[in-house]
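Shown next: coords_32.cif, given as mmCIF, C-alpha atoms; chains and numbers go by the auth columns.
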```
data_final
#
loop_
_atom_site.group_PDB
_atom_site.id
_atom_site.type_symbol
_atom_site.label_atom_id
_atom_site.label_comp_id
_atom_site.label_asym_id
_atom_site.label_seq_id
_atom_site.Cartn_x
_atom_site.Cartn_y
_atom_site.Cartn_z
_atom_site.B_iso_or_equiv
_atom_site.auth_seq_id
_atom_site.auth_asym_id
ATOM 1 C CA MET A 1 82.975 86.414 115.111 0.00 1 A
ATOM 2 C CA ILE A 2 86.441 87.908 114.829 0.00 2 A
ATOM 3 C CA LEU A 3 86.125 88.626 111.099 0.00 3 A
ATOM 4 C CA ASP A 4 83.137 90.836 111.849 0.00 4 A
ATOM 5 C CA LYS A 5 85.522 93.127 113.739 0.00 5 A
ATOM 6 C CA PHE A 6 87.088 94.019 110.401 0.00 6 A
ATOM 7 C CA ARG A 7 83.808 95.124 108.802 0.00 7 A
ATOM 8 C CA LEU A 8 83.175 98.807 108.046 0.00 8 A
ATOM 9 C CA ASP A 9 79.499 98.599 107.146 0.00 9 A
ATOM 10 C CA GLY A 10 77.669 101.921 107.342 0.00 10 A
ATOM 11 C CA LEU A 11 80.846 103.948 107.862 0.00 11 A
ATOM 12 C CA VAL A 12 82.226 106.766 105.719 0.00 12 A
ATOM 13 C CA ALA A 13 85.941 107.007 104.956 0.00 13 A
ATOM 14 C CA ILE A 14 87.810 110.000 103.547 0.00 14 A
ATOM 15 C CA VAL A 15 91.070 109.062 101.821 0.00 15 A
ATOM 16 C CA THR A 16 93.389 111.784 100.553 0.00 16 A
ATOM 17 C CA GLY A 17 95.491 110.831 97.571 0.00 17 A
ATOM 18 C CA GLY A 18 92.828 108.168 97.126 0.00 18 A
ATOM 19 C CA THR A 19 92.737 107.810 93.359 0.00 19 A
ATOM 20 C CA GLN A 20 96.129 106.163 92.853 0.00 20 A
ATOM 21 C CA GLY A 21 98.911 104.227 94.552 0.00 21 A
ATOM 22 C CA LEU A 22 98.679 103.452 98.248 0.00 22 A
ATOM 23 C CA GLY A 23 95.583 105.591 98.765 0.00 23 A
ATOM 24 C CA LYS A 24 93.703 103.756 96.045 0.00 24 A
ATOM 25 C CA ALA A 25 94.576 100.389 97.574 0.00 25 A
ATOM 26 C CA MET A 26 93.381 101.515 101.007 0.00 26 A
ATOM 27 C CA ALA A 27 90.165 103.016 99.645 0.00 27 A
ATOM 28 C CA LYS A 28 89.363 99.807 97.784 0.00 28 A
ATOM 29 C CA ALA A 29 89.918 97.740 100.924 0.00 29 A
ATOM 30 C CA PHE A 30 87.564 99.974 102.892 0.00 30 A
ATOM 31 C CA ALA A 31 84.869 99.690 100.227 0.00 31 A
ATOM 32 C CA GLU A 32 85.244 95.914 100.080 0.00 32 A
ATOM 33 C CA ALA A 33 84.780 95.874 103.865 0.00 33 A
ATOM 34 C CA GLY A 34 81.536 97.832 103.576 0.00 34 A
ATOM 35 C CA ALA A 35 82.458 101.525 103.835 0.00 35 A
ATOM 36 C CA ASP A 36 81.345 104.389 101.655 0.00 36 A
ATOM 37 C CA VAL A 37 84.369 106.304 100.404 0.00 37 A
ATOM 38 C CA ALA A 38 85.264 109.896 99.528 0.00 38 A
ATOM 39 C CA LEU A 39 88.435 110.209 97.472 0.00 39 A
ATOM 40 C CA VAL A 40 90.367 113.476 97.716 0.00 40 A
ATOM 41 C CA SER A 41 92.878 114.293 94.991 0.00 41 A
ATOM 42 C CA ARG A 42 93.637 116.798 92.292 0.00 42 A
ATOM 43 C CA LYS A 43 92.536 114.472 89.488 0.00 43 A
ATOM 44 C CA SER A 44 89.621 112.081 89.407 0.00 44 A
ATOM 45 C CA ASN A 45 89.757 108.415 88.409 0.00 45 A
ATOM 46 C CA GLN A 46 86.365 107.565 86.972 0.00 46 A
ATOM 47 C CA GLU A 47 87.278 103.952 86.312 0.00 47 A
ATOM 48 C CA PHE A 48 88.097 103.474 89.993 0.00 48 A
ATOM 49 C CA LEU A 49 84.928 105.268 91.083 0.00 49 A
ATOM 50 C CA ASP A 50 82.916 102.918 88.878 0.00 50 A
ATOM 51 C CA GLU A 51 84.712 99.974 90.459 0.00 51 A
ATOM 52 C CA LEU A 52 83.710 101.132 93.935 0.00 52 A
ATOM 53 C CA LYS A 53 80.130 101.758 92.863 0.00 53 A
ATOM 54 C CA ALA A 54 79.984 98.226 91.468 0.00 54 A
ATOM 55 C CA LEU A 55 80.614 97.030 95.021 0.00 55 A
ATOM 56 C CA GLY A 56 77.379 98.740 96.027 0.00 56 A
ATOM 57 C CA ARG A 57 79.076 101.586 97.871 0.00 57 A
ATOM 58 C CA ARG A 58 78.444 105.290 97.809 0.00 58 A
ATOM 59 C CA CYS A 59 81.548 107.080 96.630 0.00 59 A
ATOM 60 C CA MET A 60 82.597 110.496 95.469 0.00 60 A
ATOM 61 C CA HIS A 61 85.639 112.357 94.259 0.00 61 A
ATOM 62 C CA TYR A 62 86.490 115.671 95.897 0.00 62 A
ATOM 63 C CA PRO A 63 88.922 117.641 93.720 0.00 63 A
ATOM 64 C CA ALA A 64 91.436 119.433 95.908 0.00 64 A
ATOM 65 C CA ASP A 65 94.949 120.803 95.819 0.00 65 A
ATOM 66 C CA LEU A 66 95.978 120.377 99.439 0.00 66 A
ATOM 67 C CA THR A 67 98.892 122.766 99.039 0.00 67 A
ATOM 68 C CA ASP A 68 96.230 125.499 99.078 0.00 68 A
ATOM 69 C CA ARG A 69 95.199 125.926 102.706 0.00 69 A
ATOM 70 C CA SER A 70 91.932 127.628 101.823 0.00 70 A
ATOM 71 C CA VAL A 71 90.998 124.520 99.841 0.00 71 A
ATOM 72 C CA THR A 72 92.127 122.161 102.594 0.00 72 A
ATOM 73 C CA ARG A 73 89.829 123.846 105.112 0.00 73 A
ATOM 74 C CA ARG A 74 86.788 123.086 102.933 0.00 74 A
ATOM 75 C CA VAL A 75 87.452 119.400 102.385 0.00 75 A
ATOM 76 C CA VAL A 76 85.937 117.814 105.485 0.00 76 A
ATOM 77 C CA PRO A 77 82.852 120.016 105.875 0.00 77 A
ATOM 78 C CA GLU A 78 81.917 119.775 102.197 0.00 78 A
ATOM 79 C CA ILE A 79 82.393 116.008 102.073 0.00 79 A
ATOM 80 C CA VAL A 80 80.341 115.587 105.251 0.00 80 A
ATOM 81 C CA ALA A 81 77.607 117.734 103.701 0.00 81 A
ATOM 82 C CA GLU A 82 77.520 115.269 100.792 0.00 82 A
ATOM 83 C CA MET A 83 78.165 111.955 102.577 0.00 83 A
ATOM 84 C CA GLY A 84 76.507 112.724 105.908 0.00 84 A
ATOM 85 C CA ARG A 85 79.371 111.884 108.267 0.00 85 A
ATOM 86 C CA VAL A 86 83.036 110.945 108.576 0.00 86 A
ATOM 87 C CA ASP A 87 84.129 107.894 110.560 0.00 87 A
ATOM 88 C CA ILE A 88 87.563 107.275 109.063 0.00 88 A
ATOM 89 C CA LEU A 89 90.148 109.754 107.810 0.00 89 A
ATOM 90 C CA VAL A 90 93.265 108.619 105.980 0.00 90 A
ATOM 91 C CA ASN A 91 95.854 111.362 105.504 0.00 91 A
ATOM 92 C CA ASN A 92 97.728 109.788 102.643 0.00 92 A
ATOM 93 C CA ALA A 93 98.338 112.531 100.054 0.00 93 A
ATOM 94 C CA GLY A 94 102.026 113.300 99.844 0.00 94 A
ATOM 95 C CA TYR A 95 104.750 115.006 97.880 0.00 95 A
ATOM 96 C CA ILE A 96 108.463 114.387 97.556 0.00 96 A
ATOM 97 C CA SER A 97 111.159 116.517 95.943 0.00 97 A
ATOM 98 C CA ARG A 98 114.656 115.179 95.372 0.00 98 A
ATOM 99 C CA THR A 99 117.468 117.728 95.210 0.00 99 A
ATOM 100 C CA GLU A 100 120.961 117.945 96.687 0.00 100 A
ATOM 101 C CA VAL A 101 120.457 119.593 100.070 0.00 101 A
ATOM 102 C CA ALA A 102 122.676 122.616 99.443 0.00 102 A
ATOM 103 C CA GLU A 103 120.537 123.479 96.414 0.00 103 A
ATOM 104 C CA PHE A 104 117.135 122.469 97.782 0.00 104 A
ATOM 105 C CA PRO A 105 114.612 125.176 96.700 0.00 105 A
ATOM 106 C CA GLU A 106 112.698 127.035 99.380 0.00 106 A
ATOM 107 C CA SER A 107 109.548 126.722 97.276 0.00 107 A
ATOM 108 C CA GLU A 108 109.844 122.924 97.314 0.00 108 A
ATOM 109 C CA TRP A 109 110.350 122.992 101.067 0.00 109 A
ATOM 110 C CA ASP A 110 107.186 125.048 101.544 0.00 110 A
ATOM 111 C CA LYS A 111 105.111 122.866 99.209 0.00 111 A
ATOM 112 C CA THR A 112 106.207 119.661 100.930 0.00 112 A
ATOM 113 C CA ILE A 113 105.546 120.988 104.425 0.00 113 A
ATOM 114 C CA GLU A 114 102.100 122.284 103.446 0.00 114 A
ATOM 115 C CA LEU A 115 100.906 119.074 101.792 0.00 115 A
ATOM 116 C CA ASN A 116 102.559 116.414 103.922 0.00 116 A
ATOM 117 C CA LEU A 117 102.230 118.032 107.343 0.00 117 A
ATOM 118 C CA SER A 118 99.986 121.086 107.529 0.00 118 A
ATOM 119 C CA ALA A 119 97.180 119.494 105.503 0.00 119 A
ATOM 120 C CA THR A 120 97.372 116.404 107.700 0.00 120 A
ATOM 121 C CA PHE A 121 96.940 118.518 110.812 0.00 121 A
ATOM 122 C CA LEU A 122 94.115 120.649 109.430 0.00 122 A
ATOM 123 C CA LEU A 123 92.149 117.685 108.076 0.00 123 A
ATOM 124 C CA SER A 124 92.652 115.765 111.318 0.00 124 A
ATOM 125 C CA GLN A 125 91.496 118.752 113.325 0.00 125 A
ATOM 126 C CA ALA A 126 88.361 119.185 111.210 0.00 126 A
ATOM 127 C CA ALA A 127 87.451 115.496 111.245 0.00 127 A
ATOM 128 C CA GLY A 128 88.454 115.137 114.889 0.00 128 A
ATOM 129 C CA LYS A 129 85.969 117.775 115.999 0.00 129 A
ATOM 130 C CA LEU A 130 83.143 115.783 114.422 0.00 130 A
ATOM 131 C CA MET A 131 84.445 112.509 115.839 0.00 131 A
ATOM 132 C CA LEU A 132 84.637 114.037 119.313 0.00 132 A
ATOM 133 C CA GLU A 133 80.941 114.873 119.118 0.00 133 A
ATOM 134 C CA ARG A 134 80.142 111.229 118.384 0.00 134 A
ATOM 135 C CA GLY A 135 82.756 109.717 120.692 0.00 135 A
ATOM 136 C CA ARG A 136 84.267 107.525 118.000 0.00 136 A
ATOM 137 C CA GLY A 137 86.511 107.712 114.945 0.00 137 A
ATOM 138 C CA LYS A 138 89.654 106.487 113.237 0.00 138 A
ATOM 139 C CA ILE A 139 92.461 108.632 111.844 0.00 139 A
ATOM 140 C CA ILE A 140 95.296 106.999 109.941 0.00 140 A
ATOM 141 C CA ASN A 141 98.347 108.999 108.854 0.00 141 A
ATOM 142 C CA THR A 142 100.847 107.877 106.248 0.00 142 A
ATOM 143 C CA ALA A 143 104.306 108.030 107.770 0.00 143 A
ATOM 144 C CA SER A 144 107.313 106.351 106.129 0.00 144 A
ATOM 145 C CA ILE A 145 110.389 104.317 106.854 0.00 145 A
ATOM 146 C CA LEU A 146 112.039 107.728 106.457 0.00 146 A
ATOM 147 C CA SER A 147 110.196 108.772 109.617 0.00 147 A
ATOM 148 C CA PHE A 148 113.085 106.926 111.308 0.00 148 A
ATOM 149 C CA GLN A 149 115.974 107.594 108.937 0.00 149 A
ATOM 150 C CA GLY A 150 117.645 110.537 107.212 0.00 150 A
ATOM 151 C CA GLY A 151 117.237 109.611 103.581 0.00 151 A
ATOM 152 C CA LEU A 152 119.224 111.236 100.792 0.00 152 A
ATOM 153 C CA TYR A 153 118.351 114.392 98.839 0.00 153 A
ATOM 154 C CA VAL A 154 114.860 114.566 100.423 0.00 154 A
ATOM 155 C CA PRO A 155 115.224 116.861 103.464 0.00 155 A
ATOM 156 C CA ALA A 156 111.701 118.288 103.313 0.00 156 A
ATOM 157 C CA TYR A 157 110.048 114.897 102.895 0.00 157 A
ATOM 158 C CA VAL A 158 112.063 113.362 105.718 0.00 158 A
ATOM 159 C CA SER A 159 111.280 116.299 107.992 0.00 159 A
ATOM 160 C CA THR A 160 107.551 115.967 107.383 0.00 160 A
ATOM 161 C CA LYS A 161 107.560 112.227 107.916 0.00 161 A
ATOM 162 C CA HIS A 162 109.413 112.560 111.219 0.00 162 A
ATOM 163 C CA ALA A 163 106.840 115.179 112.175 0.00 163 A
ATOM 164 C CA ILE A 164 103.942 112.916 111.205 0.00 164 A
ATOM 165 C CA VAL A 165 105.050 110.460 113.883 0.00 165 A
ATOM 166 C CA GLY A 166 105.034 113.219 116.497 0.00 166 A
ATOM 167 C CA LEU A 167 101.671 114.533 115.320 0.00 167 A
ATOM 168 C CA THR A 168 100.174 111.039 115.384 0.00 168 A
ATOM 169 C CA ARG A 169 101.274 110.517 118.978 0.00 169 A
ATOM 170 C CA SER A 170 100.155 113.982 120.047 0.00 170 A
ATOM 171 C CA LEU A 171 96.661 113.589 118.570 0.00 171 A
ATOM 172 C CA SER A 172 96.432 110.092 120.015 0.00 172 A
ATOM 173 C CA ASN A 173 97.259 111.329 123.512 0.00 173 A
ATOM 174 C CA ALA A 174 94.607 114.026 123.234 0.00 174 A
ATOM 175 C CA TRP A 175 91.827 111.963 121.713 0.00 175 A
ATOM 176 C CA ALA A 176 92.262 108.361 122.892 0.00 176 A
ATOM 177 C CA PRO A 177 90.212 109.059 126.053 0.00 177 A
ATOM 178 C CA HIS A 178 87.358 110.168 123.781 0.00 178 A
ATOM 179 C CA GLY A 179 87.166 107.034 121.656 0.00 179 A
ATOM 180 C CA ILE A 180 89.215 108.255 118.718 0.00 180 A
ATOM 181 C CA ASN A 181 92.083 106.108 117.453 0.00 181 A
ATOM 182 C CA VAL A 182 94.955 107.969 115.794 0.00 182 A
ATOM 183 C CA ASN A 183 97.662 105.776 114.304 0.00 183 A
ATOM 184 C CA ALA A 184 100.079 105.764 111.377 0.00 184 A
ATOM 185 C CA ILE A 185 101.401 103.362 108.785 0.00 185 A
ATOM 186 C CA ALA A 186 105.052 103.542 107.726 0.00 186 A
ATOM 187 C CA PRO A 187 105.362 102.114 104.209 0.00 187 A
ATOM 188 C CA GLY A 188 108.635 100.957 102.794 0.00 188 A
ATOM 189 C CA PHE A 189 109.389 101.077 99.086 0.00 189 A
ATOM 190 C CA TYR A 190 106.291 100.423 96.986 0.00 190 A
ATOM 191 C CA GLU A 191 105.801 100.668 93.258 0.00 191 A
ATOM 192 C CA THR A 192 103.876 103.956 92.975 0.00 192 A
ATOM 193 C CA ASP A 193 104.142 107.240 91.110 0.00 193 A
ATOM 194 C CA LEU A 194 105.817 108.767 94.166 0.00 194 A
ATOM 195 C CA THR A 195 108.748 106.354 93.917 0.00 195 A
ATOM 196 C CA SER A 196 108.946 106.149 90.115 0.00 196 A
ATOM 197 C CA ALA A 197 112.143 108.209 89.912 0.00 197 A
ATOM 198 C CA VAL A 198 113.952 105.776 92.194 0.00 198 A
ATOM 199 C CA LYS A 199 112.341 102.689 90.662 0.00 199 A
ATOM 200 C CA ASN A 200 113.486 103.779 87.211 0.00 200 A
ATOM 201 C CA ASP A 201 117.087 104.176 88.372 0.00 201 A
ATOM 202 C CA PRO A 202 118.479 100.632 87.918 0.00 202 A
ATOM 203 C CA GLN A 203 121.335 101.062 90.384 0.00 203 A
ATOM 204 C CA ARG A 204 119.205 102.562 93.171 0.00 204 A
ATOM 205 C CA ALA A 205 116.317 100.171 92.548 0.00 205 A
ATOM 206 C CA ALA A 206 118.637 97.184 92.823 0.00 206 A
ATOM 207 C CA GLY A 207 120.148 98.609 96.002 0.00 207 A
ATOM 208 C CA ILE A 208 116.712 98.897 97.587 0.00 208 A
ATOM 209 C CA VAL A 209 115.857 95.305 96.759 0.00 209 A
ATOM 210 C CA ALA A 210 119.181 94.164 98.204 0.00 210 A
ATOM 211 C CA ARG A 211 118.581 96.207 101.383 0.00 211 A
ATOM 212 C CA THR A 212 115.000 94.930 101.886 0.00 212 A
ATOM 213 C CA PRO A 213 114.859 91.584 103.729 0.00 213 A
ATOM 214 C CA ALA A 214 111.818 90.529 101.678 0.00 214 A
ATOM 215 C CA GLY A 215 114.000 90.974 98.593 0.00 215 A
ATOM 216 C CA ARG A 216 111.547 93.003 96.525 0.00 216 A
ATOM 217 C CA TRP A 217 109.451 96.143 96.237 0.00 217 A
ATOM 218 C CA GLY A 218 105.983 96.155 97.717 0.00 218 A
ATOM 219 C CA ASN A 219 102.691 96.232 95.836 0.00 219 A
ATOM 220 C CA PRO A 220 100.149 98.830 97.059 0.00 220 A
ATOM 221 C CA GLU A 221 97.591 96.102 97.769 0.00 221 A
ATOM 222 C CA GLU A 222 99.951 94.712 100.414 0.00 222 A
ATOM 223 C CA LEU A 223 99.330 97.817 102.522 0.00 223 A
ATOM 224 C CA ALA A 224 95.566 97.360 102.485 0.00 224 A
ATOM 225 C CA GLY A 225 95.351 94.836 105.332 0.00 225 A
ATOM 226 C CA ALA A 226 97.185 97.094 107.773 0.00 226 A
ATOM 227 C CA ALA A 227 94.987 100.039 106.804 0.00 227 A
ATOM 228 C CA LEU A 228 91.812 98.004 107.213 0.00 228 A
ATOM 229 C CA PHE A 229 92.937 96.826 110.643 0.00 229 A
ATOM 230 C CA LEU A 230 93.588 100.381 111.832 0.00 230 A
ATOM 231 C CA ALA A 231 90.278 101.608 110.355 0.00 231 A
ATOM 232 C CA SER A 232 88.159 98.829 111.850 0.00 232 A
ATOM 233 C CA PRO A 233 86.827 97.925 115.309 0.00 233 A
ATOM 234 C CA ALA A 234 89.579 95.286 115.451 0.00 234 A
ATOM 235 C CA SER A 235 91.989 98.085 116.456 0.00 235 A
ATOM 236 C CA ASP A 236 89.817 99.813 119.068 0.00 236 A
ATOM 237 C CA PHE A 237 92.543 99.511 121.737 0.00 237 A
ATOM 238 C CA VAL A 238 95.380 100.531 119.409 0.00 238 A
ATOM 239 C CA HIS A 239 96.461 104.140 119.935 0.00 239 A
ATOM 240 C CA GLY A 240 99.508 106.124 118.807 0.00 240 A
ATOM 241 C CA VAL A 241 101.122 103.259 116.903 0.00 241 A
ATOM 242 C CA VAL A 242 103.367 103.678 113.864 0.00 242 A
ATOM 243 C CA LEU A 243 103.044 100.376 112.005 0.00 243 A
ATOM 244 C CA PRO A 244 105.809 99.600 109.496 0.00 244 A
ATOM 245 C CA VAL A 245 104.714 97.709 106.374 0.00 245 A
ATOM 246 C CA ASP A 246 108.097 97.674 104.743 0.00 246 A
ATOM 247 C CA GLY A 247 109.250 94.182 103.811 0.00 247 A
ATOM 248 C CA GLY A 248 111.454 94.163 106.910 0.00 248 A
ATOM 249 C CA TRP A 249 113.421 97.309 106.043 0.00 249 A
ATOM 250 C CA LEU A 250 113.435 98.766 109.550 0.00 250 A
ATOM 251 C CA ALA A 251 114.327 95.417 111.120 0.00 251 A
ATOM 252 C CA TRP A 252 117.538 95.145 109.086 0.00 252 A
#
```
Is it possible to give me this structure as structure tokens?
Amino acid sequence: MILDKFRLDGLVAIVTGGTQGLGKAMAKAFAEAGADVALVSRKSNQEFLDELKALGRRCMHYPADLTDRSVTRRVVPEIVAEMGRVDILVNNAGYISRTEVAEFPESEWDKTIELNLSATFLLSQAAGKLMLERGRGKIINTASILSFQGGLYVPAYVSTKHAIVGLTRSLSNAWAPHGINVNAIAPGFYETDLTSAVKNDPQRAAGIVARTPAGRWGNPEELAGAALFLASPASDFVHGVVLPVDGGWLAW
């Protein structure tokens, strides 16, 4: 049955930035489809963990600041020691800093590059080695509509999201022959903490709605179906794709 292709029973998913926003929505979808879930973030969300446990899933929170490379290197091996394996990795944790480009701080550049790009590579490398041993695995990176555009006042974020597309394709080329699917999702404007500054600016928020063919902001739950598809056997022949889930933004 085709719906069985979307099941994740017996699999273990690691989701960075998994306790809020888009990561939380993806983690919940995976658990509802049968996966055990490890949530990686700086702060825990016990209420969400209890919600996942109520579904009958194993779940854990791994506290980590992914701007610290020594911490990042420990994430996959320590989660695997606890959960037993990793079948799905979602590199979703992200950071954005908005400053006029001429005044953009070097420290903000470094922080954004480390979290959005370097951590994605290091976590993918660590999980990929284990997936290569088993000949199967799914890696999903969070790109952005700004992977294809220049944005405004966010040079570091835009640079990392362009790079995520290249990294996704590079890892896909290397690992597709070994049964590992590496793909990315490019969200549009969703109501999350990451976009709160823009959402709370009436003029910019209205401009985004007007520019989005769907005529509204997205809800995090609306990203869950795309993530589940890319994490499940339904996408076994999908490699190196960057899937926009953006209300039609990129089609405009």
Could you list, as an mmCIF file with C-alpha atoms, in the coordinates of the input, every residue within 6 Å of A:Asn181, counting all atoms listed in the file and ignoring same-chain residues fewer than 5 positions away?
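Ended up saving to result38.cif:
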```
data_model
loop_
_atom_site.group_PDB
_atom_site.id
_atom_site.type_symbol
_atom_site.label_atom_id
_atom_site.label_comp_id
_atom_site.auth_asym_id
_atom_site.auth_seq_id
_atom_site.Cartn_x
_atom_site.Cartn_y
_atom_site.Cartn_z
ATOM 1 C CA LYS A 138 89.654 106.487 113.237
ATOM 2 C CA ALA A 176 92.262 108.361 122.892
ATOM 3 C CA HIS A 239 96.461 104.140 119.935
#
```
Hits of the PyMOL selection byres ((chain A and resi 152) around 9) in this structure, as a list in words: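 With the PyMOL selection byres ((chain A and resi 152) around 9) on this model, the match is Arg98, Thr99, Glu100, Val101, Gly150, Gly151, Tyr153, Val154, Pro155 and Val158 of chain A.
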Chain and number of each residue from the PyMOL selection byres ((chain A and resi 217-225) around 9), as a PyMOL selection string: chain A and resi 21-30+185+187-192+205+208-209+212+214-216+226-230+245-247
Separation of atom CA of A:Asp9 from atom CA of A:Asp36, in Å and rounded to one decimal: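 Computing it gives 8.2 Å between the two atoms.
Between atom CA of A:Gly17 and atom CA of A:Met83 the interatomic distance comes to 18.1 Å.
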The PyMOL selection byres ((chain A and resi 109-114) around 9) resolved against shown file, as a list in words: Leu66, Thr67, Asp68, Arg69, Gly94, Tyr95, Ile96, Ser97, Phe104, Pro105, Glu106, Ser107, Glu108, Leu115, Asn116, Leu117, Ser118, Ala119, Thr120, Pro155, Ala156, Tyr157, Ser159 and Thr160 of chain A
Interatomic distance, atom CA of A:Pro244 to atom CA of A:Leu89 (Å, one decimal): 18.7 Å
Close residues, A:Ile79 itself excluded, 10 Å, only C-alpha atoms, min 2 positions apart in chain, as a PyMOL selection string: chain A and resi 12+14+38-40+60-62+74-77+81-86
Let me know the centre plus edge lengths, in Å and rounded to one decimal, of a box with edges along x, y and z that contains all listed atoms of stretch 102-121 of chain A and is padded by 4 Å on every side, as JSON.
```
{"center_x": 109.8, "center_y": 121.7, "center_z": 103.6, "size_x": 33.7, "size_y": 18.6, "size_z": 22.4}
```
Selection as a list in words: residues within 8 Å of (90.2, 102.9, 91.4), counting all atoms listed in the file: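 Checked against the point, the hits come out as Thr19, Gln20, Lys24, Ala25, Lys28, Asn45, Gln46, Glu47, Phe48, Leu49, Asp50, Glu51 and Leu52 of chain A.
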Save out the residues we just selected, C-alpha atoms, as a PDB file, in the frame of the given file.
```pdb
ATOM      1  CA  THR A  19      92.737 107.810  93.359  1.00  0.00           C
ATOM      2  CA  GLN A  20      96.129 106.163  92.853  1.00  0.00           C
ATOM      3  CA  LYS A  24      93.703 103.756  96.045  1.00  0.00           C
ATOM      4  CA  ALA A  25      94.576 100.389  97.574  1.00  0.00           C
ATOM      5  CA  LYS A  28      89.363  99.807  97.784  1.00  0.00           C
ATOM      6  CA  ASN A  45      89.757 108.415  88.409  1.00  0.00           C
ATOM      7  CA  GLN A  46      86.365 107.565  86.972  1.00  0.00           C
ATOM      8  CA  GLU A  47      87.278 103.952  86.312  1.00  0.00           C
ATOM      9  CA  PHE A  48      88.097 103.474  89.993  1.00  0.00           C
ATOM     10  CA  LEU A  49      84.928 105.268  91.083  1.00  0.00           C
ATOM     11  CA  ASP A  50      82.916 102.918  88.878  1.00  0.00           C
ATOM     12  CA  GLU A  51      84.712  99.974  90.459  1.00  0.00           C
ATOM     13  CA  LEU A  52      83.710 101.132  93.935  1.00  0.00           C
TER      14      LEU A  52
END
```
Which of A:Asn92, A:Asn141, A:Gln149, A:Gln203 sits closest to A:Gly166 [using only C-alpha atoms]: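 Going through A:Asn92, A:Asn141, A:Gln149, A:Gln203 one by one, the smallest distance to A:Gly166 is for A:Asn141.
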Non-local contacts of A:Ala186 (8 Å; all atoms listed in the file; under 3 positions in same chain excluded) as a PyMOL selection string: chain A and resi 142-145+147+242-246
Would you mind exporting the chosen residues as a compact mmCIF listing (two decimals), keeping the file's coordinate frame, restricted to C-alpha atoms?
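And here is the file that came out, selection_0.txt:
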```txt
# COMPACT_ATOMS: atom_id res chain seq x y z
CA THR A 142 100.85 107.88 106.25
CA ALA A 143 104.31 108.03 107.77
CA SER A 144 107.31 106.35 106.13
CA ILE A 145 110.39 104.32 106.85
CA SER A 147 110.20 108.77 109.62
CA VAL A 242 103.37 103.68 113.86
CA LEU A 243 103.04 100.38 112.00
CA PRO A 244 105.81 99.60 109.50
CA VAL A 245 104.71 97.71 106.37
CA ASP A 246 108.10 97.67 104.74
```
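You can rank A:Leu194, A:Val15, A:Ala33, A:Ile180 by their closest distance to A:Met131 using only C-alpha atoms, and at the top of that list sits A:Ile180.
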Residue with smallest distance to A:Arg136 - pool A:Glu103, A:Asp87, A:Glu32, A:Glu78, counting all atoms listed in the file: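 Closest residue, counting all atoms listed in the file: A:Asp87.
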